[in-house]
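Presented below is the structure to which this report refers.
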Amino acid sequence: MGDCIFCKIIQGEIPATKVYEDEKVLAFMDINPLNDGHTLIVPKRHAETIFEIDPQDLIATIKVAQKLAIAIKKALDSDGMIVVQLNNKAAGQMVPHLHIHLIPRWENDGLQI
Ligand code: 5GP
Ligand code: ZN
């Protein structure tokens, strides 16, 4: 936890472009966006993966993901939205603090993922 980059963002120790915050959840823009509007949603209480997270924290996080997915789709007029969450290095997780990606998609945006 001491070295967790997302905990540092939550604590305000390193900067991020925050888009939503409540008691349990923070959302901020991805530093290396795969598409316009790429947003990350994290529980404030550190949990590495879906395997460890407290279910109430997970519920709070996915509820915010839904709310922001709707808001971002409308604001950016996207045609669709990828909602994805990776667990452990073998699955491609780079930051070991659970996060949900929101990646807006447009028809013919050419994104290869
Ligand atoms: P993962 O592969 O773990 O699901 O993705 C981690 C995501 O976190 C990547 O999309 C990466 O660009 C993003 N990321 C890594 N470090 C930082 C950071 O310091 N600030 C922000 N805003 N995003 C980060
Ligand atoms: Zn953390």
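Scheme for the structure tokens: letters A, B, ... for chains in order shown; per-chain residue numbers from 1; ligand numbers from 1 in order shown.
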
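The residue set within 7 Å of segment 28-40 of chain A, counting only C-alpha atoms and dropping same-chain residues fewer than 2 places from it, reads Ala16, Thr17, Lys18, Val19, Tyr20, Leu26, Val42, His99, Ile100, His101, Leu102, Ile103 and Pro104 of chain A.
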
Save the residues we just selected, C-alpha atoms, as a CSV table (one decimal), in the first residue's frame?
chain,number,residue,atom,x,y,z
A,16,ALA,CA,-4.5,13.5,-11.2
A,17,THR,CA,-7.4,15.0,-13.1
A,18,LYS,CA,-10.3,14.0,-10.8
A,19,VAL,CA,-13.7,13.6,-12.4
A,20,TYR,CA,-15.7,12.3,-9.4
A,26,LEU,CA,-12.5,8.2,-6.7
A,42,VAL,CA,-11.0,3.1,-7.9
A,99,HIS,CA,-9.6,-0.1,-11.0
A,100,ILE,CA,-12.4,-0.1,-13.6
A,101,HIS,CA,-11.5,1.4,-17.0
A,102,LEU,CA,-14.1,3.3,-18.9
A,103,ILE,CA,-13.0,3.6,-22.5
A,104,PRO,CA,-15.4,5.4,-24.9

Would you mind writing down, as number ranges by chain, each residue of chain A that DSSP on the backbone assigns to strand (DSSP E)?
A: 18-21, 25-29, 39-43, 80-84, 100-105

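Around ligand 2, the neighbouring residues within 12 Å, taking only C-alpha atoms and all ligand atoms, come to Met1, Gly2, Asp3, Cys4, Ile5, Phe6, Cys7, Lys8, Ile9, Ile10, Gln11, Leu26, Val42, Pro43, Lys44, Arg45, His46, Ala47, Glu48, Thr49, Ile53, Val95, Pro96, His97, Leu98 and His99 of chain A.
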